[in-house]
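The data block below is work25.cif; it holds mmCIF, C-alpha atoms.
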```cif
data_my_file
#
loop_
_atom_site.label_atom_id
_atom_site.label_comp_id
_atom_site.auth_asym_id
_atom_site.auth_seq_id
_atom_site.Cartn_x
_atom_site.Cartn_y
_atom_site.Cartn_z
CA MET P 136 78.09 35.36 50.29
CA ILE P 137 80.54 34.23 52.96
CA ARG P 138 83.04 31.66 51.71
CA LEU P 139 83.12 28.15 53.21
CA ASN P 140 86.62 28.60 54.70
CA ASP P 141 85.44 31.72 56.58
CA LYS P 142 82.97 29.83 58.79
CA GLN P 143 85.11 30.14 61.92
CA LEU P 144 85.48 33.88 61.35
CA LEU P 145 81.73 34.18 60.86
CA ASN P 146 81.15 32.45 64.19
CA MET P 147 83.33 35.05 65.90
CA MET P 148 81.43 37.90 64.24
CA ILE P 149 78.04 36.49 65.23
CA LEU P 150 79.23 35.95 68.81
CA GLU P 151 80.56 39.52 69.01
CA ILE P 152 77.21 40.90 67.82
CA LEU P 153 75.36 38.85 70.42
CA ARG P 154 77.75 40.07 73.13
CA GLU P 155 77.31 43.73 72.21
CA TYR P 156 73.65 43.93 71.25
CA THR P 157 71.88 41.31 73.36
CA ASP P 158 71.31 40.15 76.91
CA LYS P 159 68.48 38.31 78.67
CA ASN P 160 66.28 41.42 78.36
CA HIS P 161 67.24 42.40 74.80
CA ARG P 162 67.01 40.07 71.80
CA LEU P 163 67.65 40.26 68.06
CA GLU P 164 65.63 38.76 65.24
CA GLN P 165 67.63 36.77 62.68
CA ASN P 166 67.20 39.48 60.04
CA GLU P 167 68.60 42.04 62.54
CA ILE P 168 71.71 39.91 63.10
CA ILE P 169 72.14 39.59 59.32
CA ASP P 170 71.83 43.38 58.93
CA LEU P 171 74.44 43.97 61.67
CA LEU P 172 76.85 41.51 60.01
CA ASP P 173 76.54 43.55 56.84
CA LYS P 174 76.75 46.93 58.62
CA ASN P 175 79.58 46.14 61.05
CA TYR P 176 81.68 43.67 59.06
CA ASN P 177 80.53 44.04 55.43
CA VAL P 178 79.66 40.34 55.44
CA SER P 179 76.68 38.76 53.71
CA CYS P 180 74.97 35.84 55.41
CA SER P 181 71.83 33.83 54.67
CA ARG P 182 69.25 32.86 57.30
CA LYS P 183 70.19 29.20 56.87
CA THR P 184 73.91 29.91 57.36
CA LEU P 185 73.13 32.04 60.41
CA TYR P 186 70.98 29.28 61.91
CA ASN P 187 73.70 26.66 61.34
CA ASN P 188 76.38 28.85 62.88
CA LEU P 189 74.23 29.58 65.93
CA GLN P 190 73.87 25.81 66.43
CA VAL P 191 77.66 25.43 66.19
CA LEU P 192 78.15 28.12 68.85
CA LYS P 193 75.59 26.45 71.13
CA SER P 194 77.28 23.06 70.71
CA ALA P 195 80.59 24.73 71.61
CA GLY P 196 79.14 25.65 75.02
CA TYR P 197 77.83 29.19 74.50
CA GLU P 198 74.46 29.68 76.20
CA ILE P 199 72.47 31.19 73.35
CA SER P 200 68.69 31.37 73.37
CA THR P 201 67.06 31.01 69.95
CA ASN P 202 63.53 30.55 71.29
CA GLY P 203 61.27 32.29 68.81
CA ARG P 204 58.42 32.35 71.36
CA LEU P 205 60.43 34.85 73.42
CA GLY P 206 61.09 36.97 70.37
CA GLY P 207 64.54 36.44 68.91
CA THR P 208 68.08 35.42 69.80
CA CYS P 209 70.28 36.48 72.70
CA LEU P 210 73.43 35.53 74.56
CA LEU P 211 72.37 34.47 78.06
CA SER P 212 75.68 33.78 79.78
CA ARG P 213 78.86 35.86 79.92
CA GLN P 214 82.21 35.58 81.66
CA LEU P 215 80.89 38.11 84.16
CA ASP P 216 77.26 39.04 84.73
CA ASP P 217 76.11 42.64 85.22
CA SER P 218 76.19 42.50 89.03
CA GLU P 219 79.77 41.18 88.97
CA LEU P 220 80.81 43.90 86.53
CA TYR P 221 79.19 46.58 88.73
CA LEU P 222 81.12 45.24 91.73
CA LEU P 223 84.46 45.26 89.90
CA ILE P 224 83.89 48.72 88.40
CA ASP P 225 83.03 50.14 91.83
CA SER P 226 86.19 48.55 93.23
CA VAL P 227 88.27 50.33 90.58
CA LEU P 228 86.29 53.54 90.97
CA PHE P 229 87.05 53.78 94.69
CA SER P 230 90.63 52.50 94.48
CA LYS P 231 93.10 55.08 95.75
CA THR P 232 96.05 53.14 94.34
CA LEU P 233 95.39 53.54 90.63
CA SER P 234 95.98 56.80 88.81
CA HIS P 235 93.01 58.55 87.17
CA LYS P 236 94.17 57.39 83.73
CA GLN P 237 94.67 53.78 84.84
CA ALA P 238 91.30 53.66 86.57
CA LYS P 239 89.54 55.06 83.50
CA THR P 240 91.27 52.56 81.19
CA LEU P 241 90.48 49.60 83.43
CA ILE P 242 86.84 50.63 83.82
CA GLY P 243 86.60 50.88 80.03
CA LYS P 244 87.86 47.30 79.70
CA LEU P 245 85.35 46.07 82.25
CA GLU P 246 82.51 47.94 80.53
CA SER P 247 83.41 46.28 77.23
CA MET P 248 82.62 42.90 78.78
CA GLY P 249 78.96 43.85 79.07
CA SER P 250 76.37 44.62 76.40
CA ARG P 251 75.70 48.13 75.12
CA TYR P 252 72.71 48.21 77.48
CA PHE P 253 75.05 47.65 80.42
CA HIS P 254 77.13 50.68 79.31
CA LYS P 255 74.11 52.95 79.54
CA ASN P 256 73.47 51.87 83.14
CA VAL P 257 76.97 52.64 84.43
CA SER P 258 76.10 56.29 85.02
CA HIS P 259 78.17 56.58 88.22
CA VAL P 260 81.40 56.27 86.22
CA CYS P 261 80.96 59.93 85.24
CA ASN P 262 81.97 60.77 88.83
CA LEU P 263 85.46 59.35 88.25
CA PRO P 264 87.26 62.74 88.08
CA ALA P 265 86.00 63.62 91.58
CA MET P 266 87.38 60.44 93.16
CA GLN P 267 90.70 60.33 94.97
CA HIS P 268 93.27 58.55 92.82
CA SER P 269 97.04 58.20 92.89
CA ASP P 270 99.37 60.59 91.06
CA ASN P 271 101.76 57.69 90.39
CA GLU P 272 101.41 56.44 86.81
CA GLN P 273 103.78 53.54 87.55
CA VAL P 274 101.42 51.64 89.86
CA MET P 275 100.42 48.85 87.47
CA GLU P 276 104.03 48.41 86.37
CA ASN P 277 105.08 48.35 90.03
CA LEU P 278 102.58 45.57 90.76
CA ASP P 279 103.96 43.49 87.90
CA VAL P 280 107.58 43.91 89.03
CA VAL P 281 106.82 43.21 92.70
CA ASN P 282 104.68 40.18 91.85
CA ASP P 283 107.48 38.83 89.68
CA ALA P 284 110.03 39.38 92.45
CA ILE P 285 107.80 37.59 94.98
CA SER P 286 107.37 34.64 92.60
CA CYS P 287 111.14 34.46 92.00
CA HIS P 288 112.02 35.00 95.70
CA ARG P 289 114.16 38.03 94.89
CA LYS P 290 114.68 41.37 96.65
CA ILE P 291 113.42 44.64 95.14
CA ARG P 292 114.94 48.12 94.95
CA PHE P 293 112.85 51.31 94.68
CA LEU P 294 112.47 54.93 95.69
CA TYR P 295 109.87 55.45 98.42
CA ASN P 296 108.06 58.79 98.14
CA SER P 297 105.91 61.15 100.19
CA TYR P 298 103.98 64.33 99.39
CA GLY P 299 105.43 67.80 99.80
CA THR P 300 103.45 70.93 100.60
CA ASP P 301 103.22 71.57 96.84
CA PHE P 302 101.12 68.38 96.58
CA LYS P 303 103.82 66.61 94.57
CA MET P 304 105.64 63.38 95.45
CA TYR P 305 109.34 63.35 96.35
CA PRO P 306 111.72 60.59 97.50
CA LYS P 307 111.85 60.32 101.30
CA ARG P 308 115.49 59.25 101.29
CA GLY P 309 118.53 60.08 99.21
CA LYS P 310 119.07 56.51 98.06
CA PRO P 311 116.82 53.61 97.01
CA ASP P 312 115.27 51.25 99.56
CA VAL P 313 116.01 47.52 99.33
CA VAL P 314 113.29 45.24 100.68
CA ASN P 315 112.50 41.53 100.94
CA PRO P 316 109.00 41.24 99.38
CA TYR P 317 106.61 38.54 100.68
CA ARG P 318 103.01 39.41 99.80
CA ILE P 319 100.82 42.14 98.25
CA VAL P 320 97.55 42.93 100.04
CA ALA P 321 94.73 45.44 99.56
CA ASN P 322 93.59 47.55 102.51
CA ASN P 323 91.45 50.71 102.66
CA GLY P 324 91.69 51.35 98.92
CA HIS P 325 95.47 50.89 98.69
CA PHE P 326 97.85 48.10 97.74
CA TYR P 327 100.48 47.34 100.38
CA LEU P 328 103.63 45.27 100.20
CA ILE P 329 104.28 43.08 103.25
CA GLY P 330 108.04 42.75 103.46
CA ASN P 331 111.19 43.23 105.51
CA TYR P 332 114.27 45.44 105.53
CA ASP P 333 117.47 43.40 105.93
CA LYS P 334 118.72 45.54 108.81
CA TYR P 335 115.56 44.85 110.85
CA ASP P 336 114.00 41.60 111.99
CA ASN P 337 110.36 42.77 111.88
CA VAL P 338 107.67 43.14 109.20
CA CYS P 339 107.23 46.35 107.20
CA HIS P 340 104.18 47.55 105.25
CA LEU P 341 104.79 49.79 102.24
CA ARG P 342 102.30 51.52 99.94
CA ILE P 343 102.93 50.38 96.36
CA ASP P 344 101.51 53.61 94.94
CA LYS P 345 104.29 55.49 96.77
CA MET P 346 107.02 53.48 95.04
CA THR P 347 108.81 54.61 91.88
CA GLN P 348 111.67 53.10 89.83
CA VAL P 349 110.91 49.60 91.15
CA GLN P 350 113.44 46.95 90.13
CA LYS P 351 113.76 43.24 90.78
CA MET P 352 117.23 42.36 92.07
CA ASP P 353 119.30 39.20 91.66
CA ALA P 354 119.79 38.84 95.43
CA PRO P 355 117.52 36.22 97.06
CA VAL P 356 115.00 37.29 99.73
CA LYS P 357 115.57 36.73 103.41
CA PRO P 358 113.62 33.61 104.48
CA MET P 359 110.36 34.43 106.28
CA LYS P 360 111.38 32.31 109.26
CA GLU P 361 114.09 34.88 110.03
CA VAL P 362 111.51 37.70 110.34
CA SER P 363 109.79 38.31 113.68
CA GLY P 364 106.11 37.48 113.33
CA LEU P 365 106.61 35.37 110.22
CA GLU P 366 108.49 32.47 111.79
CA ASN P 367 105.62 30.13 110.91
CA GLY P 368 104.79 31.76 107.60
CA LEU P 369 102.25 34.45 106.76
CA PHE P 370 98.63 33.70 107.68
CA LEU P 371 96.99 36.63 105.92
CA PRO P 372 93.58 36.85 107.71
CA LYS P 373 95.29 36.92 111.11
CA HIS P 374 97.93 39.39 109.93
CA MET P 375 95.35 41.80 108.49
CA ALA P 376 93.16 41.62 111.60
CA GLU P 377 96.16 42.53 113.79
CA HIS P 378 97.39 45.36 111.53
CA LEU P 379 94.30 47.54 111.15
CA TYR P 380 96.07 50.49 109.56
CA MET P 381 99.06 48.54 108.19
CA PHE P 382 101.48 49.87 110.80
CA SER P 383 104.71 47.96 111.34
CA GLY P 384 105.77 46.73 114.75
CA ASN P 385 104.76 44.02 117.17
CA SER P 386 101.27 42.83 118.01
CA VAL P 387 100.31 42.73 121.70
CA PRO P 388 97.38 41.39 123.74
CA VAL P 389 94.95 44.24 124.51
CA ILE P 390 92.09 44.21 127.02
CA MET P 391 89.40 46.81 126.39
CA ARG P 392 85.98 47.59 127.83
CA THR P 393 83.18 48.46 125.43
CA HIS P 394 79.43 48.12 124.81
CA THR P 395 77.74 44.99 123.50
CA TYR P 396 76.28 47.02 120.62
CA MET P 397 79.85 47.43 119.37
CA MET P 398 79.98 43.78 118.22
CA ASP P 399 79.39 44.68 114.56
CA ASP P 400 82.23 47.20 114.58
CA LEU P 401 84.55 44.85 116.43
CA ILE P 402 83.98 42.06 113.93
CA ASP P 403 84.35 44.49 111.01
CA TRP P 404 87.81 45.50 112.25
CA PHE P 405 89.15 42.42 114.05
CA GLY P 406 87.23 39.58 112.45
CA LYS P 407 86.22 36.94 114.95
CA ASP P 408 89.71 36.52 116.40
CA PHE P 409 88.94 38.12 119.75
CA SER P 410 87.43 36.75 122.94
CA ILE P 411 84.88 38.16 125.37
CA VAL P 412 86.53 38.02 128.79
CA SER P 413 83.50 39.19 130.78
CA LYS P 414 80.04 40.61 130.19
CA SER P 415 77.41 42.37 132.31
CA ASP P 416 74.31 44.17 131.09
CA ASP P 417 75.36 46.16 128.02
CA LEU P 418 79.09 46.23 128.88
CA MET P 419 81.81 43.70 128.12
CA GLU P 420 85.56 43.29 128.24
CA ILE P 421 87.30 41.75 125.25
CA ARG P 422 90.82 40.50 124.59
CA VAL P 423 92.37 40.91 121.16
CA ILE P 424 95.86 40.53 119.68
CA VAL P 425 96.60 43.66 117.66
CA ASN P 426 99.39 45.95 116.52
CA GLU P 427 99.98 48.40 119.38
CA MET P 428 100.27 51.53 117.21
CA ALA P 429 97.15 50.56 115.25
CA MET P 430 95.27 50.03 118.51
CA PHE P 431 96.29 53.49 119.67
CA TYR P 432 94.66 55.15 116.67
CA TRP P 433 91.67 52.80 116.70
CA ALA P 434 90.98 53.65 120.37
CA LEU P 435 91.10 57.37 119.56
CA GLN P 436 88.74 56.83 116.64
CA TYR P 437 86.20 55.07 118.89
CA GLY P 438 87.14 57.17 121.91
CA THR P 439 83.72 57.50 123.56
CA GLU P 440 82.79 53.86 122.95
CA VAL P 441 85.87 51.99 124.26
CA GLU P 442 88.31 52.05 127.16
CA VAL P 443 91.67 50.31 126.86
CA LYS P 444 92.46 48.61 130.17
CA SER P 445 95.82 47.09 129.28
CA PRO P 446 98.67 47.16 128.49
CA GLU P 447 99.34 50.08 130.78
CA ARG P 448 101.84 51.76 128.41
CA LEU P 449 99.17 51.91 125.70
CA ARG P 450 96.58 53.19 128.18
CA GLU P 451 99.01 55.92 129.29
CA LYS P 452 99.76 56.87 125.67
CA ILE P 453 96.03 57.26 124.96
CA ARG P 454 95.53 59.27 128.17
CA SER P 455 98.35 61.67 127.17
CA ALA P 456 96.90 62.10 123.68
CA VAL P 457 93.42 62.81 125.06
CA ASN P 458 94.79 65.39 127.53
CA GLU P 459 96.71 67.09 124.74
CA MET P 460 93.53 67.21 122.64
CA VAL P 461 91.60 68.74 125.57
CA GLU P 462 94.21 71.50 125.85
CA LYS P 463 94.01 72.23 122.14
CA TYR P 464 90.23 72.46 122.12
CA ASN P 465 89.88 74.49 125.35
#
```

Will you turn the file into structure tokens for me?
Amino acid sequence: MIRLNDKQLLNMMILEILREYTDKNHRLEQNEIIDLLDKNYNVSCSRKTLYNNLQVLKSAGYEISTNGRLGGTCLLSRQLDDSELYLLIDSVLFSKTLSHKQAKTLIGKLESMGSRYFHKNVSHVCNLPAMQHSDNEQVMENLDVVNDAISCHRKIRFLYNSYGTDFKMYPKRGKPDVVNPYRIVANNGHFYLIGNYDKYDNVCHLRIDKMTQVQKMDAPVKPMKEVSGLENGLFLPKHMAEHLYMFSGNSVPVIMRTHTYMMDDLIDWFGKDFSIVSKSDDLMEIRVIVNEMAMFYWALQYGTEVEVKSPERLREKIRSAVNEMVEKYN
């Protein structure tokens, strides 16, 4: 029989059994919990002791149903419910930043927060090897170092890499980059660092999964107010809406003509920070502040649905690209 001074340990064992073997659709009778205590932990427990400990757990705030009418005992509430776990697992599954090993480990941790019945339902995790993941095993470590540097207002040093034709990553430059880090954001399955190089006065966006040998330096970061575009701080929703593909460079006002049925796409990409300048029938002209290089690629992506009216230099750049494409495909 369990000793009196082991009551707290017994509570933990009972709670772990309820977490693993029960949910709102699956319950255990008291004798089943007692059998599992013996099988899993080699612990003997009477029905009376089990009942008392369940009451202690309930008084401690755990939502445990002991309603015999429903047929047994179960843990009703968890830190994360099944739908929340599915959402987080899918986020990891489709993340391009994490390596295959890191994604698999993290998914395993998330799965462990659900019952054994939840595990059986996560069948899509078997597709993990087919997903696109990073080759960089240092990603999680990089995130820790960069986060620490941002919190301490210190510069970072790292090697920035790109892929060669052998599908392996190599440093782009012969020496490490030094950057002022300001914020980490997620975009299109990747983590980006929003920062600044000392020799420039504008914002840069760098993929964290392309960094290796990341180090926090003792040198303090350049104040944001000295960086073009960050003079008044970093308002993330506005910044992300203007930098669709995380290109660096200035944002400019763009006028474009498009169809009214494009409203869903426009809001998906730009949020609601654009204005409708004019509208007639199914056509409209909108004005949006956006990174010029990002707008160039966005206009090519939606080529048949939009027409950039201004600025003229962007319109000319798109026209030249379209003509070059026509020549290639003729």

Which residues of stretch 366-415 of chain P sit at most 10 Å from stretch 331-352 of chain P, using all atoms listed in the file? Give each one's shortest atom pair and distance in Å (one decimal place), in chain and ascending residue order, as CSV.
```
residue,atom,partner,partner_atom,distance
P:His378,CA,P:His340,CA,9.5
P:Tyr380,CA,P:His340,CA,9.6
P:Met381,CA,P:His340,CA,6.0
P:Phe382,CA,P:His340,CA,6.6
P:Ser383,CA,P:Cys339,CA,5.1
P:Gly384,CA,P:Asn337,CA,6.7
P:Asn385,CA,P:Asn337,CA,7.8
```

Shell around stretch 186-199 of chain P at 10 Å using all atoms listed in the file, local window under 2 positions removed, as a PyMOL selection string: chain P and resi 142-143+145-147+149-150+153+158-159+165+181-184+201-202+208-213

Who sits within 6 Å of stretch 442-452 of chain P, only C-alpha atoms, same chain under 3 positions skipped, as a ChimeraX atom specification: /P:389-392,455

Answer key for the PyMOL selection byres ((chain P and resi 317-327) around 10), residues as a PyMOL selection string: chain P and resi 226-233+267-269+274+278+281-282+284-286+288-290+314-316+328-331+338-345+356-359+368-369+371+375+379-381

Counting only C-alpha atoms, the option among P:Ser415, P:Lys307, P:Asn426, P:Glu219 closest to P:Gly364: P:Asn426

How big is the axis-aligned box, and where does its centre sit, when it encloses all atoms of stretch 360-379 of chain P listed in the file and has 8 Å added on every side, reported in Å to one decimal as JSON?
```
{"center_x": 103.6, "center_y": 38.8, "center_z": 109.9, "size_x": 36.9, "size_y": 33.4, "size_z": 23.9}
```

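Atom to atom, atom CA of P:Leu220 and atom CA of P:Glu246 stand 7.4 Å apart.
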
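Closest to P:Val412 among P:Asn296, P:Asn166, P:Asn177, P:Thr393 is P:Thr393, based on all atoms listed in the file.
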
Can you pull out the residues contacting P:Pro306? Cut-off 7 Å, using all atoms listed in the file, and skip same-chain residues under 3 positions away; I want them as a compact mmCIF listing (two decimals) with C-alpha atoms, in the coordinates of the input.
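Saved file result-v4.txt follows:
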```
# COMPACT_ATOMS: atom_id res chain seq x y z
CA LEU P 294 112.47 54.93 95.69
CA TYR P 295 109.87 55.45 98.42
CA ASN P 296 108.06 58.79 98.14
CA SER P 297 105.91 61.15 100.19
```

Computed interatomic separation between atom CA of P:Val457 and atom CA of P:Glu440 (Å): 14.1 Å

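Considering the residues P:Tyr464, P:Glu459, P:Ser386, P:Ile402 and counting only C-alpha atoms, P:Glu427 has its shortest atom-to-atom contact with P:Ser386.
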
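Checking P:Ile291, P:Leu163, P:Met275, P:Ala376 one by one against P:Val423, counting all atoms listed in the file, you find the shortest gap at P:Ala376.
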
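In this comparison, which uses only C-alpha atoms, the residue of P:Met148, P:Leu172, P:Arg454, P:Phe409 approaching P:Phe431 most closely is P:Arg454.
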
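Counting from atom CA of P:Lys373, the distance to atom CA of P:Met428 is 16.6 Å.
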
Residues near P:Tyr396, cut-off 12 Å, all atoms listed in the file, skip fewer than 3 positions along chain, as a PDB file with C-alpha atoms, in the coordinates of the input:
```pdb
ATOM      1  CA  THR P 393      83.180  48.460 125.430  1.00  0.00           C
ATOM      2  CA  ASP P 399      79.390  44.680 114.560  1.00  0.00           C
ATOM      3  CA  ASP P 400      82.230  47.200 114.580  1.00  0.00           C
ATOM      4  CA  LEU P 401      84.550  44.850 116.430  1.00  0.00           C
ATOM      5  CA  ILE P 402      83.980  42.060 113.930  1.00  0.00           C
ATOM      6  CA  ASP P 416      74.310  44.170 131.090  1.00  0.00           C
ATOM      7  CA  ASP P 417      75.360  46.160 128.020  1.00  0.00           C
ATOM      8  CA  LEU P 418      79.090  46.230 128.880  1.00  0.00           C
ATOM      9  CA  MET P 419      81.810  43.700 128.120  1.00  0.00           C
ATOM     10  CA  GLU P 440      82.790  53.860 122.950  1.00  0.00           C
ATOM     11  CA  VAL P 441      85.870  51.990 124.260  1.00  0.00           C
TER      12      VAL P 441
END
```

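Residues surrounding P:Asp216 within 10 Å are Asp158, Met248, Gly249 and Phe253 of chain P [only C-alpha atoms; sequence separation below 6 positions excluded].
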
What would stretch 431-447 of chain P look like with N, CA and C atoms restored, written as a PDB file, keeping the file's coordinate frame?
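out.pdb, freshly written:
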```pdb
ATOM      1  N   PHE P 431      96.269  52.124 119.153  1.00  0.00           N
ATOM      2  CA  PHE P 431      96.290  53.490 119.670  1.00  0.00           C
ATOM      3  C   PHE P 431      95.350  54.384 118.842  1.00  0.00           C
ATOM      4  N   TYR P 432      95.493  54.313 117.530  1.00  0.00           N
ATOM      5  CA  TYR P 432      94.660  55.150 116.670  1.00  0.00           C
ATOM      6  C   TYR P 432      93.215  54.653 116.624  1.00  0.00           C
ATOM      7  N   TRP P 433      93.025  53.347 116.706  1.00  0.00           N
ATOM      8  CA  TRP P 433      91.670  52.800 116.700  1.00  0.00           C
ATOM      9  C   TRP P 433      90.926  53.252 117.966  1.00  0.00           C
ATOM     10  N   ALA P 434      91.604  53.235 119.107  1.00  0.00           N
ATOM     11  CA  ALA P 434      90.980  53.650 120.370  1.00  0.00           C
ATOM     12  C   ALA P 434      90.615  55.130 120.335  1.00  0.00           C
ATOM     13  N   LEU P 435      91.435  55.948 119.697  1.00  0.00           N
ATOM     14  CA  LEU P 435      91.100  57.370 119.560  1.00  0.00           C
ATOM     15  C   LEU P 435      89.907  57.546 118.615  1.00  0.00           C
ATOM     16  N   GLN P 436      89.852  56.748 117.585  1.00  0.00           N
ATOM     17  CA  GLN P 436      88.740  56.830 116.640  1.00  0.00           C
ATOM     18  C   GLN P 436      87.415  56.505 117.310  1.00  0.00           C
ATOM     19  N   TYR P 437      87.421  55.486 118.189  1.00  0.00           N
ATOM     20  CA  TYR P 437      86.200  55.070 118.890  1.00  0.00           C
ATOM     21  C   TYR P 437      86.221  55.541 120.347  1.00  0.00           C
ATOM     22  N   GLY P 438      86.851  56.680 120.560  1.00  0.00           N
ATOM     23  CA  GLY P 438      87.140  57.170 121.910  1.00  0.00           C
ATOM     24  C   GLY P 438      86.026  57.085 122.922  1.00  0.00           C
ATOM     25  N   THR P 439      84.799  57.482 122.568  1.00  0.00           N
ATOM     26  CA  THR P 439      83.720  57.500 123.560  1.00  0.00           C
ATOM     27  C   THR P 439      83.078  56.130 123.750  1.00  0.00           C
ATOM     28  N   GLU P 440      83.437  55.168 122.898  1.00  0.00           N
ATOM     29  CA  GLU P 440      82.790  53.860 122.950  1.00  0.00           C
ATOM     30  C   GLU P 440      83.660  52.779 123.593  1.00  0.00           C
ATOM     31  N   VAL P 441      84.963  53.022 123.731  1.00  0.00           N
ATOM     32  CA  VAL P 441      85.870  51.990 124.260  1.00  0.00           C
ATOM     33  C   VAL P 441      86.799  52.571 125.315  1.00  0.00           C
ATOM     34  N   GLU P 442      87.278  51.685 126.171  1.00  0.00           N
ATOM     35  CA  GLU P 442      88.310  52.050 127.160  1.00  0.00           C
ATOM     36  C   GLU P 442      89.352  50.942 127.182  1.00  0.00           C
ATOM     37  N   VAL P 443      90.577  51.283 126.810  1.00  0.00           N
ATOM     38  CA  VAL P 443      91.670  50.310 126.860  1.00  0.00           C
ATOM     39  C   VAL P 443      92.097  50.139 128.315  1.00  0.00           C
ATOM     40  N   LYS P 444      92.078  48.907 128.788  1.00  0.00           N
ATOM     41  CA  LYS P 444      92.460  48.610 130.170  1.00  0.00           C
ATOM     42  C   LYS P 444      93.935  48.212 130.290  1.00  0.00           C
ATOM     43  N   SER P 445      94.414  47.509 129.294  1.00  0.00           N
ATOM     44  CA  SER P 445      95.820  47.090 129.280  1.00  0.00           C
ATOM     45  C   SER P 445      96.228  46.807 127.839  1.00  0.00           C
ATOM     46  N   PRO P 446      97.547  46.936 127.568  1.00  0.00           N
ATOM     47  CA  PRO P 446      98.670  47.160 128.490  1.00  0.00           C
ATOM     48  C   PRO P 446      98.710  48.595 128.998  1.00  0.00           C
ATOM     49  N   GLU P 447      99.329  48.794 130.123  1.00  0.00           N
ATOM     50  CA  GLU P 447      99.340  50.080 130.780  1.00  0.00           C
ATOM     51  C   GLU P 447     100.040  51.149 129.949  1.00  0.00           C
TER      52      GLU P 447
END
```
